Number of protein chains: 2
Amino acid sequence: MPNPASLPALWLRDNCGCADCRDPRNGQKLFQITDLPDGLAVATETRLADAADGAPGWEVVWAPDGHRSSYAESWLAPQRQPERDRRAEDAKTLWQAADLAGALPSAAWTDYRNDPAVRLRILDAVGRLGFAVLREVPLREGQVTEVAETFGFVRETNYGRIFEVRVEQNPNNLAFTGERITPHTDNPYRDPVPTLQLLHCLVNSAEGGDSGLVDGFAAAALLREQDPGAFEVLTRTPVPFGFSDSGSGSGGGTELTAHRPLIGTDPRGRVREIRFNNRSIGTLRLPAADTDAFYTAYRGFARLLLRPELQLDFRLAPGDCLIFDNTRLLHARTAFASSGGRHLQGCYADLDGLFSTTDVLRREALDQLAALFAEQGSAEYFGEEVTQAQHMLQAGALAEAAGAPAELVAATLLHDLGHFHGEATGHDLMRGTDNRHSHTGADWLAQWFGPAVTEPVRLHVAAKRYLCAVEPGYFELLSPASVHTLAVQGGPMTPAEAEEFAAGRHGADAVRLRRWDEAAKDPQAPTPDFGHFRPLLAALLETHPPV
Amino acid sequence: MPNPASLPALWLRDNCGCADCRDPRNGQKLFQITDLPDGLAVATETRLADAADGAPGWEVVWAPDGHRSSYAESWLAPQRQPERDRRAEDAKTLWQAADLAGALPSAAWTDYRNDPAVRLRILDAVGRLGFAVLREVPLREGQVTEVAETFGFVRETNYGRIFEVRVEQNPNNLAFTGERITPHTDNPYRDPVPTLQLLHCLVNSAEGGDSGLVDGFAAAALLREQDPGAFEVLTRTPVPFGFSDSGSGSGGGTELTAHRPLIGTDPRGRVREIRFNNRSIGTLRLPAADTDAFYTAYRGFARLLLRPELQLDFRLAPGDCLIFDNTRLLHARTAFASSGGRHLQGCYADLDGLFSTTDVLRREALDQLAALFAEQGSAEYFGEEVTQAQHMLQAGALAEAAGAPAELVAATLLHDLGHFHGEATGHDLMRGTDNRHSHTGADWLAQWFGPAVTEPVRLHVAAKRYLCAVEPGYFELLSPASVHTLAVQGGPMTPAEAEEFAAGRHGADAVRLRRWDEAAKDPQAPTPDFGHFRPLLAALLETHPPV
C-alpha cells in the first residue's frame, strides 16, 4: 500500500475531502489549483486504524501551509479502478445480431415506471448495448416525450420537440417517406449531435417498415481489425455534413453544417462516436491522394455496415418505444407502402441525463442499504455483543483486509440482510423457526447484484453446516447464539450434502465468508462506517446486470 | 484548371448534383456510396461554355454505368476554399482584453429583432469572438428563453429550462451564492456540454458582481506557444468531471460525470473545446509520472487563465443579455453582498442552431439579391441590348474569367444594384437627374459586404469619368447610353480630380470593374445564372463584418 508521501503531492492535495476543501452537499471543490502553495509536500503522515469513515487510512499534515487531510487506505490503493468514460468503447458491450438473438433488452412500461431495478436494467442496456425497447407504452400522441422525461430532457431540433415518422405529402427528409432507409445515424450535421433517439410506434400495419439496428462501435472495431489503415483515415478526417431546408417565411428554414470524422475517438484512440449518413455527407476538399484514401476507407466501412450479420432486424409493434444511442447505433428500416399504415413519433434526448438517472438509481439503491444498516441494523444481534450492523461492517472489513475480490467483500458486508426481509424475522429464527435469511437476503440482493455477490450470501448458512461437518473443532468456534441457530437450520451436513456443497461453484467463497462471519462479533474491533464501502458497492452496481 | 478525369473518381461522382443523385429541395444525397459501381471512371468529358448554371464547366459520362454529371469549372477549381469547421480555432478571432477595449459587440434588442443585418452581426460575433451583448432586453422574467429562441433551442438541464443566478438560501452550486467565481466554463460534467449560455440581467444594484470573460482558445494558443509540452498533456488527458445533487424525493437528484480533456482538439490538432472548472474536476487515476505531468500543466494553464490582460471586465446592467460560447469562453464574476441586489436569469442553448440561423440570414440576403436580379434586373437596361441582370452577370463572369479576387468579382456582379434602390431611379438618370446609383448601391451593399466589395461599386461611375479623362480613346468605347449619362454624372474628371482618384485605395479596382462594365453589354455573350455566383457571395458574407 502506498503511503501519502510517495504519491504526487498536487494530486493528493487536490483530492482532499475535508469540509474546507469540498462542499459536503455536492462535492464541489472550494479552492482553485492556483491557490495551492508552491513547494507543496507532505510534512507528516500518520497511519490510523480509523482515519476516514472509520476505516484504516492516513492523516496528513501539509507543508508549507499546515493544512490537514485524511485519506482511506482503500482510496489510495494503486489497483483502485479509475472511473470509466461511459461514452467510450471499452465501457460498452459490443454486439453482432446473433449475440442478441431473440432477447432484445425490454420491459413493460408499467414495470419500468414502478420498479427502480427494472428502470436501471433498461437504461443500463441503452448505456452498454446502445438500446432497449419499452413495451405497452400508452398509444397516446406525445407520449414519447414523457418516456424521455423519465430519464432526461428532450432535445428540441429543427424537426420539433416531437417529429412524426410517417409518409408526408411534402417531405423535407427521406425519413418522412415510405422509402427504404439504410443504416445511418441521425442529425450528423448537428454539433453537438443529439446523443439519444426515441421512436414510439403508434401504428404499424404497413407491409414492410421493419426496423434494423447496427452496432457502429462493433463495426468500427471490425474495421480496425481488418483494415487498420482505413480505420485511421476515418478517425483523422473531419467530414462536412449538411442539411438545408428552405422553411417558410422570413427567418424560417435551416442551414446546418458540422465537420466531424465518421469515427470519433477520444485522446487515447478509443472509439467514442460514429457519424454515418450517406444522405447528408457534403463535399470534402482534400489533396487527391487524401481524397482517394478517404473514399476507399469510407466505401469499405459502408460495405461493412451493410453486412447482414451485423444488423439486428425486428419489427416495432404499436406501443413499443425504442430508445437508442445515436452516437453509436445506426438505425435502418425497410420500405413500406407509401399509402401509410405506419406512424412513429420520435424525439431526441441526451446520454448525459440518462447516465445521471442510472447513477441516481444506483445511489438510491445504496441509500436504501445504508438505511437498513442505520435502522434495522442498529438492533441487537440476537445474543451477540455487537449490533447486526456492526457485525456486518466488521465482516466486510475483514474480507477487505484479506484482499478478497470486491464481489466477496460485498457479499460478506451484506450477508445478513435477509434478517430484515422476508416474512419470518431473525427473532423467529431465535425462537426456533428458520427464517431462511440467507435465501431471502440473496433474493432481495439479486435485483442489484450478480451471482458472485448473491450466491455466497445464499450459501453462508449452509457453509456453517458444512464446516461443522468437515472441520474438526469448527463447532467450538461458534458463538452460543450460532450454536442455537445451527440446530434450527438443520445441523451439520451429512457427508453426501457436504460433498455436493464443496463441488458447487460458490461453495469456496461461502466458506471464506463464513469464517469472517464468525470472527466479526468483537465489540472492541475497529468498525468502518457503511460509507466506507459505498464506492466498492457502487462499482459493482455499475456492471450489473451484465448485458 | 483540372479536367474531371484528373480528379478522384469516387469523390467526383459522389458530388454529382443531378436530380437523380440529390434531392433538389434539401440537397440530400439519394444514393449510397456502396451503390456506385466498381471500376468507376470518367468515360468522356466535354468542356462546355454553359455546363452548369450557364457558366463554363464540364459534362461527364461515366463508365461503366453511363450516368451523366455536369460540374462548373469554378467548383472544380483547385484553389476552391474548403468549408471551414466553425467550431475550430482557425475559424475564430482570438482576443485578449485590450483588443476589445470599450467596444463589446452589442446591439439594442429592437434593432436585433427588426434588422436581419444587425441580427447577423450579433450572432456572427458569438460565433467568431465567442460572445455578444444585447441591450434593452425587456425586464421580464423568462425573457432569456425568448432571446435563445431567436436563434435556436433552449437546452434544458438539471438546473431547469431557466436558472436563477442570485443568492439562494440553500444553494446546490456556488453560482447561487454571492461568492467570487473565477473564470470557468459551465457544466463540464455534461456530455454533450451545453455549447451556449445566455445570462439576462434583471437587477444589478449590488456592490460587486461585475462580469469577466476570458477567451479560452486564445489562452490555449498562448499555452501552446509558451509550453507546447503542457498543451499536449492537456489535450491528450481525459479528465473526470462530476456534479452531484441529492435532489428531493425518489428519482430526483443528479449524478453527472463526463471524461473529457481540458483542451479538446479536432483530429488535426486544432483547438475546438475548452473545459475548465476547478469546482467539478474529479479524481484522476494515472501513473505517478503522468499525474505529475498533468498537474503541472493544469496549474500552468490555470495561472495563465488568471492573467489580468486576458480577462475582459465589464458590468451587466439591467436589460443586458450576454450570449456566449460555453465551449470557448470562460466566465467569471466578482463577489457581491449576499444580501442580494443582483439577479440574472440564465439558460443554455446550442451553437449549431446559432450557426444555422446565421446561414439562413446569409441565404436570405442572397435570396434578396437573386430576387433583384430576377425582378427589377429583368427590365431593359436604358438603351442597351441586354437586360440589367444580363449586364451585371456578364460583367461578373468577365471578372471571374480574369481571375479577379472574390471581392472584386462580387463588386462587378453587383455594381449597378443602386439602380434598384434610392429615391431616384435609372430612368431619372436617363432623364437627366443623376441617381447617384453607385453610392446608393454601395451603401445598401454595406449591410452585408466589406469595403473591398462596396468601394469599387461606389467608385465605378467615377472610374468612367477618370478613364475618359486620362485614357485617350476610352470615350470612344462607351455605348451611346453611357455617353449620355456621363454628362449627367459630371463629365470627364479634371486633372486634379483624376490624380486624387488614382491615389485612392480602391481606384485601381474600380478601374478594372469599369472595363468589365463596358464590355458586358453583348446580347450574344454567354451569361451565367445568378446561382453560379452564390457560393462566391456566400463565402464573402461568411467573413463580414470582420470581428
# chains A, B, ... in the order shown; residues from 1 in each chain; ligands from 1
>>> residues_around(residues="Leu94 in chain A", least_positions_apart="3", cutoff="9 Å", atoms="only C-alpha atoms", output="ChimeraX atom specification")
/A:89-90,128-130,215-219,221
>>> write_last_selection(atoms="N, CA and C atoms", output="PDB file, in the first residue's frame")
ATOM      1  N   GLU A  89     -15.700   3.058 -26.121  1.00  0.00           N
ATOM      2  CA  GLU A  89     -15.970   1.664 -26.472  1.00  0.00           C
ATOM      3  C   GLU A  89     -15.668   0.673 -25.358  1.00  0.00           C
ATOM      4  N   ASP A  90     -14.648   0.975 -24.514  1.00  0.00           N
ATOM      5  CA  ASP A  90     -14.294  -0.040 -23.523  1.00  0.00           C
ATOM      6  C   ASP A  90     -15.287  -0.106 -22.369  1.00  0.00           C
ATOM      7  N   ARG A 128     -25.026   0.434 -22.273  1.00  0.00           N
ATOM      8  CA  ARG A 128     -23.997  -0.560 -22.569  1.00  0.00           C
ATOM      9  C   ARG A 128     -24.195  -1.308 -23.882  1.00  0.00           C
ATOM     10  N   LEU A 129     -25.474  -1.613 -24.245  1.00  0.00           N
ATOM     11  CA  LEU A 129     -25.722  -2.247 -25.550  1.00  0.00           C
ATOM     12  C   LEU A 129     -26.037  -1.207 -26.617  1.00  0.00           C
ATOM     13  N   GLY A 130     -26.482  -0.043 -26.156  1.00  0.00           N
ATOM     14  CA  GLY A 130     -26.842   1.011 -27.090  1.00  0.00           C
ATOM     15  C   GLY A 130     -28.337   1.146 -27.323  1.00  0.00           C
ATOM     16  N   ASP A 215     -24.606  -2.080 -34.533  1.00  0.00           N
ATOM     17  CA  ASP A 215     -23.706  -1.520 -33.520  1.00  0.00           C
ATOM     18  C   ASP A 215     -22.496  -0.908 -34.235  1.00  0.00           C
ATOM     19  N   GLY A 216     -22.506   0.408 -34.357  1.00  0.00           N
ATOM     20  CA  GLY A 216     -21.430   1.102 -35.078  1.00  0.00           C
ATOM     21  C   GLY A 216     -20.069   0.957 -34.404  1.00  0.00           C
ATOM     22  N   PHE A 217     -20.063   0.813 -33.068  1.00  0.00           N
ATOM     23  CA  PHE A 217     -18.789   0.610 -32.379  1.00  0.00           C
ATOM     24  C   PHE A 217     -18.215  -0.769 -32.745  1.00  0.00           C
ATOM     25  N   ALA A 218     -19.104  -1.782 -32.815  1.00  0.00           N
ATOM     26  CA  ALA A 218     -18.635  -3.123 -33.205  1.00  0.00           C
ATOM     27  C   ALA A 218     -18.112  -3.085 -34.633  1.00  0.00           C
ATOM     28  N   ALA A 219     -18.824  -2.367 -35.518  1.00  0.00           N
ATOM     29  CA  ALA A 219     -18.385  -2.273 -36.907  1.00  0.00           C
ATOM     30  C   ALA A 219     -17.037  -1.554 -36.990  1.00  0.00           C
ATOM     31  N   ALA A 221     -14.763  -1.449 -34.682  1.00  0.00           N
ATOM     32  CA  ALA A 221     -13.741  -2.360 -34.134  1.00  0.00           C
ATOM     33  C   ALA A 221     -13.349  -3.399 -35.178  1.00  0.00           C
TER      34      ALA A 221
END
>>> residues_around(residues="Thr34 in chain A", least_positions_apart="2", cutoff="10 Å", atoms="only C-alpha atoms", output="MDAnalysis selection string")
(chainID A and resid 31:32 36:38) or (chainID B and resid 278 298:304 306)
>>> closest_residue(among="A:Gln376, A:Gln388, A:Thr283, A:Gln368", to="Tyr295 in chain A", atoms="only C-alpha atoms")
A:Thr283
>>> select_by_dssp(residues="range 160-386 of chain A", states="helix (DSSP H, G or I)", output="number ranges by chain")
A: 174-176, 216-226, 228-236, 288-305, 308-310, 351-374, 376-378
>>> select_by_dssp(residues="range 168-233 of chain B", states="strand (DSSP E or B)", output="number ranges by chain")
B: 181-184, 196-204, 208, 211-215
>>> residues_around(residues="Leu286 in chain A", least_positions_apart="5", cutoff="10 Å", atoms="only C-alpha atoms", output="list in words")
Thr237, Thr291, Asp292 and Phe294 of chain A; Pro78 and Pro82 of chain B
>>> closest_residue(among="A:Asp313, A:Glu255, A:Glu146, A:Asp529", to="Gln96 in chain A", atoms="only C-alpha atoms")
A:Asp313
>>> decode(residues="range 390-449 of chain A", atoms="C-alpha atoms", output="PDB file, in the first residue's frame")
ATOM      1  CA  GLN A 390     -21.511  -3.703  13.474  1.00  0.00           C
ATOM      2  CA  HIS A 391     -21.321  -7.392  12.753  1.00  0.00           C
ATOM      3  CA  MET A 392     -21.755  -6.993   9.003  1.00  0.00           C
ATOM      4  CA  LEU A 393     -19.411  -3.968   8.784  1.00  0.00           C
ATOM      5  CA  GLN A 394     -16.717  -5.857  10.713  1.00  0.00           C
ATOM      6  CA  ALA A 395     -17.166  -8.876   8.477  1.00  0.00           C
ATOM      7  CA  GLY A 396     -16.863  -6.688   5.366  1.00  0.00           C
ATOM      8  CA  ALA A 397     -13.728  -5.043   6.778  1.00  0.00           C
ATOM      9  CA  LEU A 398     -12.165  -8.456   7.438  1.00  0.00           C
ATOM     10  CA  ALA A 399     -12.874  -9.524   3.855  1.00  0.00           C
ATOM     11  CA  GLU A 400     -11.412  -6.288   2.541  1.00  0.00           C
ATOM     12  CA  ALA A 401      -8.311  -6.563   4.736  1.00  0.00           C
ATOM     13  CA  ALA A 402      -7.829 -10.125   3.443  1.00  0.00           C
ATOM     14  CA  GLY A 403      -7.737  -8.769  -0.116  1.00  0.00           C
ATOM     15  CA  ALA A 404     -10.929 -10.517  -1.182  1.00  0.00           C
ATOM     16  CA  PRO A 405     -12.400  -9.562  -4.562  1.00  0.00           C
ATOM     17  CA  ALA A 406     -14.955  -6.756  -4.450  1.00  0.00           C
ATOM     18  CA  GLU A 407     -17.876  -9.154  -5.017  1.00  0.00           C
ATOM     19  CA  LEU A 408     -16.921 -11.216  -1.980  1.00  0.00           C
ATOM     20  CA  VAL A 409     -16.335  -8.121   0.186  1.00  0.00           C
ATOM     21  CA  ALA A 410     -19.847  -7.016  -0.773  1.00  0.00           C
ATOM     22  CA  ALA A 411     -21.323 -10.458  -0.092  1.00  0.00           C
ATOM     23  CA  THR A 412     -19.651 -10.519   3.318  1.00  0.00           C
ATOM     24  CA  LEU A 413     -20.812  -6.999   4.125  1.00  0.00           C
ATOM     25  CA  LEU A 414     -24.402  -7.770   3.139  1.00  0.00           C
ATOM     26  CA  HIS A 415     -24.665 -11.427   4.196  1.00  0.00           C
ATOM     27  CA  ASP A 416     -27.254 -10.990   6.946  1.00  0.00           C
ATOM     28  CA  LEU A 417     -29.562  -8.523   5.178  1.00  0.00           C
ATOM     29  CA  GLY A 418     -32.123 -11.330   4.906  1.00  0.00           C
ATOM     30  CA  HIS A 419     -32.863 -10.825   8.587  1.00  0.00           C
ATOM     31  CA  PHE A 420     -34.511  -7.567   7.534  1.00  0.00           C
ATOM     32  CA  HIS A 421     -36.558  -9.076   4.724  1.00  0.00           C
ATOM     33  CA  GLY A 422     -38.925 -11.970   4.267  1.00  0.00           C
ATOM     34  CA  GLU A 423     -41.923 -12.928   6.332  1.00  0.00           C
ATOM     35  CA  ALA A 424     -40.017 -14.610   9.155  1.00  0.00           C
ATOM     36  CA  THR A 425     -37.524 -12.476  11.101  1.00  0.00           C
ATOM     37  CA  GLY A 426     -34.318 -13.066  12.998  1.00  0.00           C
ATOM     38  CA  HIS A 427     -36.420 -13.219  16.163  1.00  0.00           C
ATOM     39  CA  ASP A 428     -38.419 -16.063  14.657  1.00  0.00           C
ATOM     40  CA  LEU A 429     -35.140 -17.807  13.986  1.00  0.00           C
ATOM     41  CA  MET A 430     -34.082 -17.402  17.597  1.00  0.00           C
ATOM     42  CA  ARG A 431     -37.474 -18.776  18.645  1.00  0.00           C
ATOM     43  CA  GLY A 432     -36.894 -21.913  16.564  1.00  0.00           C
ATOM     44  CA  THR A 433     -38.352 -21.159  13.101  1.00  0.00           C
ATOM     45  CA  ASP A 434     -35.752 -20.957  10.358  1.00  0.00           C
ATOM     46  CA  ASN A 435     -36.273 -17.604   8.647  1.00  0.00           C
ATOM     47  CA  ARG A 436     -34.127 -18.835   5.736  1.00  0.00           C
ATOM     48  CA  HIS A 437     -32.436 -15.445   5.918  1.00  0.00           C
ATOM     49  CA  SER A 438     -29.617 -16.453   3.593  1.00  0.00           C
ATOM     50  CA  HIS A 439     -32.167 -17.069   0.819  1.00  0.00           C
ATOM     51  CA  THR A 440     -34.369 -14.042   1.396  1.00  0.00           C
ATOM     52  CA  GLY A 441     -31.233 -11.872   1.532  1.00  0.00           C
ATOM     53  CA  ALA A 442     -29.796 -13.316  -1.658  1.00  0.00           C
ATOM     54  CA  ASP A 443     -33.115 -12.974  -3.492  1.00  0.00           C
ATOM     55  CA  TRP A 444     -33.504  -9.368  -2.445  1.00  0.00           C
ATOM     56  CA  LEU A 445     -29.904  -8.538  -3.398  1.00  0.00           C
ATOM     57  CA  ALA A 446     -30.349 -10.136  -6.837  1.00  0.00           C
ATOM     58  CA  GLN A 447     -32.212  -7.059  -8.063  1.00  0.00           C
ATOM     59  CA  TRP A 448     -28.973  -5.103  -7.823  1.00  0.00           C
ATOM     60  CA  PHE A 449     -26.090  -7.583  -7.753  1.00  0.00           C
TER      61      PHE A 449
END
